[in-house]
$ cat run.cif   # mmCIF, C-alpha atoms and all ligand atoms
data_run
loop_
_atom_site.label_atom_id
_atom_site.label_comp_id
_atom_site.auth_asym_id
_atom_site.auth_seq_id
_atom_site.Cartn_x
_atom_site.Cartn_y
_atom_site.Cartn_z
CA MET A 2 -2.40 4.84 -7.95
CA THR A 3 -4.61 7.08 -10.10
CA HIS A 4 -6.14 3.92 -11.56
CA PRO A 5 -9.96 4.17 -11.81
CA VAL A 6 -11.77 1.98 -9.29
CA HIS A 7 -14.20 -0.53 -10.81
CA THR A 8 -13.67 -3.56 -8.59
CA ALA A 9 -13.34 -3.76 -4.82
CA ALA A 10 -12.35 -6.80 -2.77
CA VAL A 11 -13.87 -7.00 0.71
CA ILE A 12 -11.89 -9.35 2.95
CA GLY A 13 -13.83 -10.31 6.07
CA ALA A 14 -17.61 -10.06 5.93
CA GLY A 15 -18.64 -9.47 9.52
CA THR A 16 -20.30 -6.33 10.88
CA ILE A 17 -18.03 -3.93 8.98
CA GLY A 18 -17.27 -5.88 5.81
CA LEU A 19 -20.97 -6.46 5.02
CA SER A 20 -21.73 -2.77 5.36
CA TRP A 21 -18.79 -1.77 3.10
CA THR A 22 -19.97 -4.39 0.58
CA ALA A 23 -23.42 -2.81 0.34
CA LEU A 24 -22.00 0.72 0.08
CA PHE A 25 -19.47 -0.15 -2.65
CA ALA A 26 -22.11 -2.03 -4.67
CA ALA A 27 -24.52 0.91 -4.34
CA HIS A 28 -21.82 3.08 -5.93
CA GLY A 29 -21.74 0.75 -8.92
CA LEU A 30 -18.55 -1.14 -8.06
CA THR A 31 -18.19 -4.85 -8.59
CA VAL A 32 -17.49 -6.28 -5.13
CA ARG A 33 -15.75 -9.60 -4.51
CA VAL A 34 -16.21 -10.83 -0.95
CA SER A 35 -14.09 -13.38 0.89
CA ASP A 36 -14.76 -14.80 4.34
CA PRO A 37 -14.41 -18.39 5.63
CA ARG A 38 -17.73 -18.12 7.54
CA PRO A 39 -19.98 -21.00 6.48
CA ASP A 40 -23.06 -18.75 6.19
CA LEU A 41 -21.40 -16.20 3.89
CA LYS A 42 -24.06 -16.42 1.18
CA GLU A 43 -26.94 -15.86 3.63
CA ALA A 44 -25.06 -13.13 5.51
CA VAL A 45 -24.40 -11.16 2.31
CA ALA A 46 -27.99 -11.59 1.09
CA GLY A 47 -29.34 -10.52 4.49
CA ALA A 48 -27.10 -7.45 4.64
CA LEU A 49 -28.02 -6.30 1.13
CA ALA A 50 -31.72 -6.66 1.96
CA GLU A 51 -31.33 -4.83 5.27
CA PHE A 52 -29.08 -2.01 4.05
CA GLY A 53 -30.73 -1.50 0.63
CA PRO A 54 -33.39 0.90 1.97
CA HIS A 55 -30.72 2.97 3.82
CA LEU A 56 -28.77 3.29 0.58
CA ALA A 57 -31.88 4.17 -1.44
CA ALA A 58 -32.70 6.86 1.14
CA GLN A 59 -29.25 8.35 0.43
CA GLY A 60 -30.14 8.49 -3.29
CA LEU A 61 -27.88 5.56 -4.21
CA ARG A 62 -28.43 2.64 -6.60
CA ALA A 63 -30.01 0.15 -4.22
CA GLU A 64 -31.71 -2.01 -6.84
CA ALA A 65 -30.06 -5.27 -7.96
CA LEU A 66 -27.19 -4.84 -5.50
CA ALA A 67 -26.71 -8.60 -5.45
CA ASP A 68 -25.83 -8.58 -9.18
CA ARG A 69 -22.71 -6.59 -8.36
CA VAL A 70 -21.62 -8.68 -5.35
CA LEU A 71 -19.70 -11.89 -6.03
CA LEU A 72 -18.68 -14.44 -3.45
CA ALA A 73 -15.05 -15.49 -3.83
CA ALA A 74 -13.83 -18.97 -2.95
CA ASP A 75 -10.73 -17.53 -1.26
CA ILE A 76 -8.68 -14.38 -0.84
CA THR A 77 -6.64 -15.02 -4.00
CA GLU A 78 -9.81 -15.09 -6.09
CA ALA A 79 -11.27 -12.05 -4.31
CA VAL A 80 -8.30 -9.78 -4.99
CA ARG A 81 -7.28 -11.07 -8.44
CA ASP A 82 -8.68 -8.08 -10.36
CA ALA A 83 -9.21 -5.67 -7.48
CA ASP A 84 -8.54 -1.94 -7.78
CA ILE A 85 -8.94 -1.54 -4.03
CA VAL A 86 -8.97 -4.05 -1.17
CA GLN A 87 -10.81 -3.25 2.07
CA GLU A 88 -9.74 -5.59 4.89
CA ASN A 89 -12.15 -6.22 7.78
CA GLY A 90 -10.83 -9.33 9.48
CA PRO A 91 -10.22 -9.87 13.20
CA GLU A 92 -8.46 -7.07 15.12
CA ARG A 93 -5.21 -8.98 15.75
CA VAL A 94 -1.72 -7.89 14.68
CA GLU A 95 -0.62 -11.41 13.73
CA PHE A 96 -3.73 -11.94 11.58
CA LYS A 97 -3.22 -8.65 9.75
CA LYS A 98 0.53 -9.33 9.27
CA GLU A 99 -0.15 -12.65 7.59
CA LEU A 100 -3.10 -11.37 5.57
CA PHE A 101 -1.31 -8.31 4.20
CA THR A 102 1.72 -10.42 3.23
CA HIS A 103 -0.73 -12.43 1.14
CA LEU A 104 -2.54 -9.36 -0.22
CA VAL A 105 0.68 -7.66 -1.36
CA ARG A 106 1.59 -10.84 -3.24
CA GLU A 107 -1.83 -11.58 -4.75
CA ALA A 108 -3.48 -8.22 -5.49
CA PRO A 109 -2.63 -6.31 -8.69
CA GLY A 110 0.30 -3.91 -8.21
CA HIS A 111 -1.89 -0.83 -8.60
CA ALA A 112 -4.45 -1.92 -5.98
CA LEU A 113 -4.72 0.14 -2.82
CA LEU A 114 -4.67 -2.06 0.31
CA LEU A 115 -6.88 -0.56 3.04
CA SER A 116 -7.50 -1.89 6.53
CA SER A 117 -10.59 -1.09 8.64
CA SER A 118 -8.46 -1.66 11.78
CA SER A 119 -9.96 0.14 14.80
CA ALA A 120 -6.80 0.59 16.80
CA ILE A 121 -3.80 -1.16 15.21
CA PRO A 122 -1.71 1.24 13.08
CA ALA A 123 -0.48 0.02 9.66
CA THR A 124 3.20 0.15 10.69
CA ALA A 125 2.48 -2.54 13.31
CA PHE A 126 1.71 -5.09 10.57
CA THR A 127 3.70 -3.89 7.56
CA THR A 128 7.33 -3.58 8.72
CA GLU A 129 8.32 -6.88 7.10
CA LEU A 130 6.44 -6.25 3.84
CA GLU A 131 8.37 -5.50 0.68
CA ASP A 132 5.61 -3.31 -0.72
CA ALA A 133 4.15 -1.37 2.21
CA GLY A 134 3.78 1.85 0.21
CA ARG A 135 0.20 1.12 -0.76
CA VAL A 136 -0.98 -0.18 2.62
CA LEU A 137 -2.84 2.17 4.98
CA ILE A 138 -5.71 2.40 7.41
CA GLY A 139 -9.18 3.39 6.19
CA HIS A 140 -11.02 3.23 9.51
CA PRO A 141 -14.79 3.67 9.33
CA PHE A 142 -17.38 4.12 12.03
CA ASN A 143 -20.07 1.46 12.29
CA PRO A 144 -21.99 1.10 10.02
CA PRO A 145 -19.79 2.47 7.21
CA HIS A 146 -22.66 2.60 4.71
CA LEU A 147 -24.27 5.26 6.94
CA LEU A 148 -21.65 7.07 9.01
CA PRO A 149 -19.55 9.19 6.67
CA LEU A 150 -16.21 9.44 8.53
CA VAL A 151 -13.21 7.43 7.33
CA GLU A 152 -9.97 8.02 9.22
CA ILE A 153 -7.11 7.67 6.75
CA VAL A 154 -3.95 6.82 8.65
CA PRO A 155 -0.78 6.22 6.63
CA GLY A 156 1.90 3.93 8.00
CA GLU A 157 5.55 5.02 8.13
CA ARG A 158 6.13 3.61 4.64
CA THR A 159 2.82 4.55 2.98
CA THR A 160 3.40 6.80 -0.05
CA ALA A 161 1.80 10.23 -0.46
CA GLU A 162 0.24 8.94 -3.71
CA ALA A 163 -1.50 6.12 -1.85
CA VAL A 164 -2.88 8.58 0.72
CA GLN A 165 -4.26 10.78 -2.07
CA ALA A 166 -5.72 7.75 -3.87
CA ALA A 167 -7.46 6.71 -0.63
CA VAL A 168 -8.89 10.21 -0.16
CA ASP A 169 -10.14 10.15 -3.77
CA PHE A 170 -11.64 6.68 -3.40
CA TYR A 171 -13.53 7.31 -0.16
CA THR A 172 -14.76 10.68 -1.44
CA ALA A 173 -16.05 8.96 -4.58
CA VAL A 174 -18.11 6.55 -2.44
CA GLY A 175 -19.62 9.47 -0.53
CA ARG A 176 -17.53 9.24 2.62
CA ALA A 177 -15.84 12.07 4.54
CA PRO A 178 -12.15 11.15 4.75
CA VAL A 179 -9.88 12.80 7.29
CA VAL A 180 -6.13 12.23 6.91
CA GLU A 181 -4.39 11.90 10.25
CA ARG A 182 -0.83 13.11 10.51
CA ARG A 183 0.78 10.63 12.86
CA GLU A 184 0.01 7.06 13.86
CA ILE A 185 -1.34 6.55 17.36
CA PRO A 186 -3.13 3.39 18.60
CA GLY A 187 -6.91 3.88 18.36
CA PHE A 188 -6.41 6.82 15.97
CA VAL A 189 -8.61 9.84 16.82
CA GLY A 190 -12.23 8.66 16.77
CA ASN A 191 -11.79 5.65 19.01
CA ARG A 192 -9.56 7.54 21.44
CA LEU A 193 -12.32 10.14 21.84
CA GLN A 194 -14.94 7.41 22.15
CA ASN A 195 -12.79 5.60 24.68
CA ALA A 196 -12.36 8.73 26.81
CA LEU A 197 -16.13 9.12 27.06
CA SER A 198 -16.76 5.39 27.59
CA ARG A 199 -14.22 5.29 30.41
CA GLU A 200 -16.01 8.06 32.31
CA ALA A 201 -19.40 6.48 31.50
CA VAL A 202 -18.32 3.17 33.08
CA TYR A 203 -16.89 5.04 36.09
CA LEU A 204 -20.18 6.91 36.66
CA VAL A 205 -22.20 3.67 36.47
CA GLN A 206 -19.76 1.87 38.80
CA GLN A 207 -20.03 4.76 41.28
CA GLY A 208 -23.84 4.41 41.25
CA VAL A 209 -24.28 7.96 39.92
CA VAL A 210 -26.47 6.89 37.00
CA THR A 211 -27.81 3.78 35.26
CA PRO A 212 -26.53 2.85 31.76
CA ASP A 213 -29.82 3.80 30.08
CA ASP A 214 -30.04 7.14 31.90
CA LEU A 215 -26.44 7.88 30.94
CA ASP A 216 -27.35 7.12 27.32
CA THR A 217 -30.26 9.56 27.60
CA VAL A 218 -27.90 12.26 28.90
CA VAL A 219 -25.74 11.78 25.79
CA THR A 220 -28.48 11.42 23.14
CA HIS A 221 -30.36 14.46 24.44
CA SER A 222 -27.35 16.79 24.66
CA LEU A 223 -23.87 15.99 23.40
CA GLY A 224 -25.09 13.62 20.69
CA ILE A 225 -27.30 16.23 19.03
CA ARG A 226 -24.68 18.95 19.43
CA TRP A 227 -21.87 16.82 18.03
CA ALA A 228 -23.81 15.96 14.88
CA THR A 229 -23.65 19.68 14.07
CA VAL A 230 -20.45 21.08 15.63
CA GLY A 231 -17.38 19.31 17.00
CA PRO A 232 -16.01 19.92 20.51
CA PHE A 233 -13.75 22.83 19.49
CA LEU A 234 -16.40 24.79 17.58
CA ALA A 235 -18.89 23.97 20.37
CA SER A 236 -16.52 25.55 22.91
CA HIS A 237 -15.83 28.50 20.62
CA LEU A 238 -19.58 29.14 20.48
CA GLY A 239 -20.04 28.32 24.19
CA GLY A 240 -17.61 31.14 24.98
CA GLY A 241 -20.02 33.72 23.56
CA PRO A 242 -18.61 36.59 21.52
CA GLY A 243 -15.26 36.08 23.33
CA GLY A 244 -15.07 32.68 21.66
CA TYR A 245 -12.75 29.82 22.59
CA ARG A 246 -10.27 32.21 24.25
CA HIS A 247 -12.91 33.35 26.74
CA MET A 248 -14.22 29.81 27.25
CA SER A 249 -10.71 28.53 27.99
CA ALA A 250 -10.02 31.25 30.58
CA HIS A 251 -13.47 31.27 32.13
CA ILE A 252 -15.30 27.89 32.37
CA GLY A 253 -12.12 26.09 31.25
CA GLN A 254 -10.58 26.87 34.63
CA SER A 255 -13.18 24.88 36.60
CA MET A 256 -13.30 22.13 33.95
CA ARG A 257 -9.53 21.63 34.27
CA GLN A 258 -9.88 21.19 38.04
CA LEU A 259 -12.48 18.46 37.59
CA ALA A 260 -10.65 15.15 38.03
CA LEU A 261 -12.03 12.40 35.82
CA GLY A 262 -12.66 8.96 37.27
CA GLN A 263 -10.71 5.73 36.81
CA PRO A 264 -13.15 2.84 36.27
CA SER A 265 -12.37 -0.39 38.07
CA HIS A 266 -11.11 -3.23 35.84
CA ASP A 267 -11.78 -5.78 38.55
CA PRO A 268 -13.63 -8.67 36.80
CA GLN A 269 -16.53 -8.52 39.29
CA ASP A 270 -16.96 -4.77 38.84
CA ARG A 271 -16.81 -5.17 35.06
CA GLU A 272 -19.40 -7.95 35.28
CA ARG A 273 -21.73 -5.67 37.27
CA VAL A 274 -21.62 -3.09 34.46
CA VAL A 275 -22.29 -5.78 31.84
CA GLN A 276 -25.31 -6.92 33.84
CA ALA A 277 -26.61 -3.36 34.20
CA VAL A 278 -26.33 -2.81 30.43
CA GLU A 279 -28.06 -6.13 29.76
CA LYS A 280 -30.82 -5.21 32.20
CA ALA A 281 -31.37 -2.02 30.22
CA TYR A 282 -31.23 -3.44 26.70
CA ALA A 283 -31.00 -7.23 26.41
CA SER A 284 -34.77 -7.80 26.40
CA THR A 285 -35.00 -6.11 22.96
CA PRO A 286 -33.66 -8.16 20.03
CA TYR A 287 -30.32 -6.94 18.59
CA THR A 288 -31.82 -6.48 15.12
CA ASP A 289 -34.57 -4.18 16.49
CA LEU A 290 -32.05 -2.03 18.36
CA ALA A 291 -29.73 -1.84 15.33
CA GLU A 292 -32.63 -1.03 13.01
CA ALA A 293 -33.84 1.80 15.26
CA ARG A 294 -30.29 3.17 15.55
CA ASP A 295 -29.81 3.13 11.76
CA ARG A 296 -33.19 4.77 11.10
CA LYS A 297 -32.40 7.60 13.53
CA GLN A 298 -28.86 8.02 12.22
CA LEU A 299 -30.21 8.26 8.69
CA ALA A 300 -32.73 10.90 9.80
CA VAL A 301 -29.93 12.95 11.43
CA LEU A 302 -27.73 12.66 8.33
CA THR A 303 -30.59 13.73 6.07
CA ALA A 304 -31.51 16.68 8.29
CA VAL A 305 -27.91 17.91 8.52
CA GLU A 306 -27.44 17.50 4.76
CA ASP A 307 -30.68 19.41 4.01
CA THR A 308 -29.59 22.27 6.27
CA ARG A 309 -26.21 22.42 4.52
CA HIS A 310 -27.91 22.40 1.13
CA ASN A 311 -30.34 25.17 2.12
CA GLN A 312 -27.48 27.28 3.48
CA HIS A 313 -25.54 26.80 0.23
CA GLN A 314 -28.63 27.81 -1.82
CA LYS A 315 -28.99 30.96 0.30
CA GLU A 316 -25.34 31.89 -0.22
CA THR A 317 -25.37 31.45 -4.02
N1 LIG A 401 -17.47 -3.33 14.76
C1 LIG A 401 -17.09 -2.07 14.77
O1 LIG A 401 -17.75 -1.20 15.37
C2 LIG A 401 -15.88 -1.64 13.98
C3 LIG A 401 -15.81 -0.31 13.54
C4 LIG A 401 -14.72 0.10 12.76
C5 LIG A 401 -13.70 -0.81 12.46
N2 LIG A 401 -13.79 -2.09 12.92
C6 LIG A 401 -12.68 -3.00 12.56
O2 LIG A 401 -13.08 -3.74 11.42
C7 LIG A 401 -12.49 -5.05 11.48
C8 LIG A 401 -13.61 -6.08 11.47
O3 LIG A 401 -14.44 -5.86 12.60
P1 LIG A 401 -15.92 -6.47 12.69
O4 LIG A 401 -16.56 -5.78 13.83
O5 LIG A 401 -16.55 -6.47 11.36
O6 LIG A 401 -15.57 -7.97 13.13
P2 LIG A 401 -16.46 -9.29 12.92
O7 LIG A 401 -15.99 -10.25 13.94
O8 LIG A 401 -17.90 -8.95 12.85
O9 LIG A 401 -16.00 -9.79 11.47
C9 LIG A 401 -14.72 -10.30 11.19
C10 LIG A 401 -14.89 -11.28 10.05
O10 LIG A 401 -13.59 -11.69 9.61
C11 LIG A 401 -13.76 -13.02 9.16
N3 LIG A 401 -12.46 -13.67 8.98
C12 LIG A 401 -11.75 -14.38 9.90
N4 LIG A 401 -10.64 -14.88 9.30
C13 LIG A 401 -10.68 -14.48 8.01
C14 LIG A 401 -9.82 -14.69 6.87
N5 LIG A 401 -8.71 -15.41 6.97
N6 LIG A 401 -10.17 -14.14 5.68
C15 LIG A 401 -11.30 -13.41 5.56
N7 LIG A 401 -12.15 -13.19 6.60
C16 LIG A 401 -11.83 -13.71 7.80
C17 LIG A 401 -14.67 -13.66 10.20
O11 LIG A 401 -15.26 -14.86 9.70
C18 LIG A 401 -15.67 -12.55 10.43
O12 LIG A 401 -16.82 -12.68 9.61
C19 LIG A 401 -11.63 -5.08 12.74
O13 LIG A 401 -10.31 -4.75 12.44
C20 LIG A 401 -12.29 -4.02 13.60
O14 LIG A 401 -11.43 -3.47 14.55
C21 LIG A 401 -14.87 -2.54 13.65
#
$ encode --input "run.cif" --output "structure tokens" --more "lines below"
Ligand SMILES: NC(=O)c1ccc[n+]([C@@H]2O[C@H](COP(=O)([O-])OP(=O)(O)OC[C@H]3O[C@@H](n4cnc5c(N)ncnc54)[C@H](O)[C@@H]3O)[C@@H](O)[C@H]2O)c1
Amino acid sequence: MTHPVHTAAVIGAGTIGLSWTALFAAHGLTVRVSDPRPDLKEAVAGALAEFGPHLAAQGLRAEALADRVLLAADITEAVRDADIVQENGPERVEFKKELFTHLVREAPGHALLLSSSSAIPATAFTTELEDAGRVLIGHPFNPPHLLPLVEIVPGERTTAEAVQAAVDFYTAVGRAPVVERREIPGFVGNRLQNALSREAVYLVQQGVVTPDDLDTVVTHSLGIRWATVGPFLASHLGGGPGGYRHMSAHIGQSMRQLALGQPSHDPQDRERVVQAVEKAYASTPYTDLAEARDRKQLAVLTAVEDTRHNQHQKET
């Protein structure tokens, strides 16, 4: 598993696979991409053109990305000489079961087999595999060429060597891997996101706030805070000199009494929320919204990185 990584196979070139492709190529890897979508060539070319400037802004090799990205006729061809495989197909257990059976058979024995799965743990699709030791979750946040987190979640049979190799690989491509200690559906990031989304939908359904105003609440408060300190450090600081202990005893008391809402899953109520979100955003083209999001995210990343760098300079 300590094999150097020169070639990556990207299986599934939708939202996530295209972004991984650009990131891996910008780190000098040869990337073989497989996806049955009929517009694969155009989708890859479009993604490299769109993401190239983001990668250049991160100081990466964004020129001639296309020279390092090869379209494979099928999965067998994509993984033939792969050192790592990043799977980004549909989020369905049966799909991943079948695909990983194929990958274990076709990919070189040393290749790490990583799934971008958002919620399905590796054990759910590897129990029948002979060689599950090198299969694990490498779950990114969208888009992976910008957002640094990768949740590394080993399955019950994943080896410690494979976990370390995954940490080494994602670190080498500039990501921030976090190894999670136990499998749980949705892992950590999506469970946190889901908790917030659930309350957001409840507040909109109750008529407390519109979707765009709720988004403003988040982007002008929690969003900025959370790019700098996570919820635990935020509470530790929020507690003043008494820290988290004081926060927990003091404001924590009233927070614990605050019952969170249960959004309605009634199809009509769900439809009303969809319509409210569309009213807020659907008149702007998807590409414009995504481009603005990526530009702002890049600015935040750069600012946080500069601050870290300046702090380091001051300390040394
Ligand atoms: N979109 C997100 O925000 C996000 C974030 C993190 C992880 N993920 C996870 O990443 C994975 C992919 O999600 P996505 O949003 O990119 O989905 P997507 O629908 O955009 O892309 C999936 C791609 O898989 C392709 N595909 C279908 N069958 C295939 C096969 N047999 N071989 C190869 N490719 C095949 C499809 O043609 C499609 O292009 C899912 O497991 C998802 O949960 C998604």
$ atom_distance --input "run.cif" --atom1 "atom CA of Val164 of chain A" --atom2 "atom CA of Leu71 of chain A"
27.3 Å
$ closest_residue --input "run.cif" --among "A:Val154, A:Ile12, A:Leu302, A:Val202" --to "Glu181 of chain A" --atoms "all atoms listed in the file"
A:Val154
$ residues_near_ligand --input "run.cif" --ligand "ligand LIG 401 (chain A)" --cutoff "7 Å" --atoms "all atoms listed in the file" --output "ChimeraX atom specification"
/A:12-18,35-38,76,89-92,117-120,140-143
$ atom_distance --input "run.cif" --atom1 "atom CA of Leu290 of chain A" --atom2 "atom CA of Leu147 of chain A"
15.6 Å
$ atom_distance --input "run.cif" --atom1 "atom CA of Arg69 of chain A" --atom2 "atom CA of Ala10 of chain A"
11.8 Å
$ residues_around --input "run.cif" --residues "segment 228-243 of chain A" --least-positions-apart "6" --cutoff "10 Å" --atoms "only C-alpha atoms" --output "MDAnalysis selection string"
chainID A and resid 249:253 298 301:302 305
$ closest_residue --input "run.cif" --among "A:Ala166, A:Ala27, A:Ala63, A:Ala58" --to "Leu113 of chain A" --atoms "all atoms listed in the file"
A:Ala166
$ closest_residue --input "run.cif" --among "A:Pro264, A:Ala108, A:Phe25, A:Ala57" --to "Asn195 of chain A" --atoms "only C-alpha atoms"
A:Pro264
$ closest_residue --input "run.cif" --among "A:Gly244, A:Pro122, A:Gly134, A:Gly190" --to "Leu150 of chain A" --atoms "only C-alpha atoms"
A:Gly190
$ closest_residue --input "run.cif" --among "A:Leu197, A:Val210, A:Ala112, A:Ala167" --to "Gly139 of chain A" --atoms "all atoms listed in the file"
A:Ala167
$ residues_near_point --input "run.cif" --point "(-25.2, 3.9, 32.1)" --cutoff "10 Å" --atoms "only C-alpha atoms" --output "PDB file with C-alpha atoms, in the coordinates of the input"
ATOM      1  CA  SER A 198     -16.760   5.390  27.590  1.00  0.00           C
ATOM      2  CA  ALA A 201     -19.400   6.480  31.500  1.00  0.00           C
ATOM      3  CA  VAL A 202     -18.320   3.170  33.080  1.00  0.00           C
ATOM      4  CA  TYR A 203     -16.890   5.040  36.090  1.00  0.00           C
ATOM      5  CA  LEU A 204     -20.180   6.910  36.660  1.00  0.00           C
ATOM      6  CA  VAL A 205     -22.200   3.670  36.470  1.00  0.00           C
ATOM      7  CA  GLN A 206     -19.760   1.870  38.800  1.00  0.00           C
ATOM      8  CA  GLY A 208     -23.840   4.410  41.250  1.00  0.00           C
ATOM      9  CA  VAL A 209     -24.280   7.960  39.920  1.00  0.00           C
ATOM     10  CA  VAL A 210     -26.470   6.890  37.000  1.00  0.00           C
ATOM     11  CA  THR A 211     -27.810   3.780  35.260  1.00  0.00           C
ATOM     12  CA  PRO A 212     -26.530   2.850  31.760  1.00  0.00           C
ATOM     13  CA  ASP A 213     -29.820   3.800  30.080  1.00  0.00           C
ATOM     14  CA  ASP A 214     -30.040   7.140  31.900  1.00  0.00           C
ATOM     15  CA  LEU A 215     -26.440   7.880  30.940  1.00  0.00           C
ATOM     16  CA  ASP A 216     -27.350   7.120  27.320  1.00  0.00           C
ATOM     17  CA  THR A 217     -30.260   9.560  27.600  1.00  0.00           C
ATOM     18  CA  VAL A 218     -27.900  12.260  28.900  1.00  0.00           C
ATOM     19  CA  VAL A 274     -21.620  -3.090  34.460  1.00  0.00           C
ATOM     20  CA  ALA A 277     -26.610  -3.360  34.200  1.00  0.00           C
ATOM     21  CA  VAL A 278     -26.330  -2.810  30.430  1.00  0.00           C
ATOM     22  CA  ALA A 281     -31.370  -2.020  30.220  1.00  0.00           C
TER      23      ALA A 281
END
$ residues_around --input "run.cif" --residues "Val32 of chain A" --least-positions-apart "5" --cutoff "12 Å" --atoms "all atoms listed in the file" --output "VMD selection string"
chain A and resid 6 to 12 14 18 to 27 45 66 to 73 78 to 87
$ closest_residue --input "run.cif" --among "A:Gly47, A:Gly29, A:Pro109, A:Gly175" --to "Ala65 of chain A" --atoms "only C-alpha atoms"
A:Gly29
$ residues_around --input "run.cif" --residues "Glu131 of chain A" --least-positions-apart "3" --cutoff "9 Å" --atoms "only C-alpha atoms" --output "mmCIF file with C-alpha atoms, keeping the file's coordinate frame"
data_model
loop_
_atom_site.group_PDB
_atom_site.id
_atom_site.type_symbol
_atom_site.label_atom_id
_atom_site.label_comp_id
_atom_site.auth_asym_id
_atom_site.auth_seq_id
_atom_site.Cartn_x
_atom_site.Cartn_y
_atom_site.Cartn_z
ATOM 1 C CA THR A 102 1.720 -10.420 3.230
ATOM 2 C CA VAL A 105 0.680 -7.660 -1.360
ATOM 3 C CA THR A 127 3.700 -3.890 7.560
ATOM 4 C CA THR A 128 7.330 -3.580 8.720
ATOM 5 C CA GLY A 134 3.780 1.850 0.210
#
$ residues_around --input "run.cif" --residues "Arg158 of chain A" --least-positions-apart "3" --cutoff "8 Å" --atoms "all atoms listed in the file" --output "mmCIF file with C-alpha atoms, in the frame of the given file"
data_model
loop_
_atom_site.group_PDB
_atom_site.id
_atom_site.type_symbol
_atom_site.label_atom_id
_atom_site.label_comp_id
_atom_site.auth_asym_id
_atom_site.auth_seq_id
_atom_site.Cartn_x
_atom_site.Cartn_y
_atom_site.Cartn_z
ATOM 1 C CA THR A 124 3.200 0.150 10.690
ATOM 2 C CA ALA A 133 4.150 -1.370 2.210
ATOM 3 C CA GLY A 134 3.780 1.850 0.210
ATOM 4 C CA PRO A 155 -0.780 6.220 6.630
#
$ build_atoms --input "run.cif" --residues "segment 219-232 of chain A" --atoms "N, CA and C atoms" --output "tab-separated table (two decimals), in the coordinates of the input"
chain	number	residue	atom	x	y	z
A	219	VAL	N	-26.54	11.55	27.00
A	219	VAL	CA	-25.74	11.78	25.79
A	219	VAL	C	-26.64	12.07	24.58
A	220	THR	N	-27.68	11.25	24.37
A	220	THR	CA	-28.48	11.42	23.14
A	220	THR	C	-29.28	12.72	23.16
A	221	HIS	N	-29.57	13.24	24.37
A	221	HIS	CA	-30.36	14.46	24.44
A	221	HIS	C	-29.51	15.73	24.60
A	222	SER	N	-28.20	15.59	24.51
A	222	SER	CA	-27.35	16.79	24.66
A	222	SER	C	-26.16	16.70	23.71
A	223	LEU	N	-25.11	16.02	24.18
A	223	LEU	CA	-23.87	15.99	23.40
A	223	LEU	C	-24.06	15.37	22.02
A	224	GLY	N	-24.90	14.32	21.96
A	224	GLY	CA	-25.09	13.62	20.69
A	224	GLY	C	-25.65	14.55	19.62
A	225	ILE	N	-26.68	15.31	20.00
A	225	ILE	CA	-27.30	16.23	19.03
A	225	ILE	C	-26.31	17.35	18.67
A	226	ARG	N	-25.65	17.87	19.69
A	226	ARG	CA	-24.68	18.95	19.43
A	226	ARG	C	-23.58	18.46	18.49
A	227	TRP	N	-23.03	17.29	18.78
A	227	TRP	CA	-21.87	16.82	18.03
A	227	TRP	C	-22.19	16.40	16.60
A	228	ALA	N	-23.48	16.22	16.29
A	228	ALA	CA	-23.81	15.96	14.88
A	228	ALA	C	-23.73	17.26	14.08
A	229	THR	N	-23.63	18.39	14.78
A	229	THR	CA	-23.65	19.68	14.07
A	229	THR	C	-22.34	20.45	14.21
A	230	VAL	N	-21.75	20.41	15.41
A	230	VAL	CA	-20.45	21.08	15.63
A	230	VAL	C	-19.58	20.18	16.50
A	231	GLY	N	-18.29	20.12	16.19
A	231	GLY	CA	-17.38	19.31	17.00
A	231	GLY	C	-17.04	20.02	18.30
A	232	PRO	N	-16.28	19.36	19.19
A	232	PRO	CA	-16.01	19.92	20.51
A	232	PRO	C	-15.33	21.29	20.48
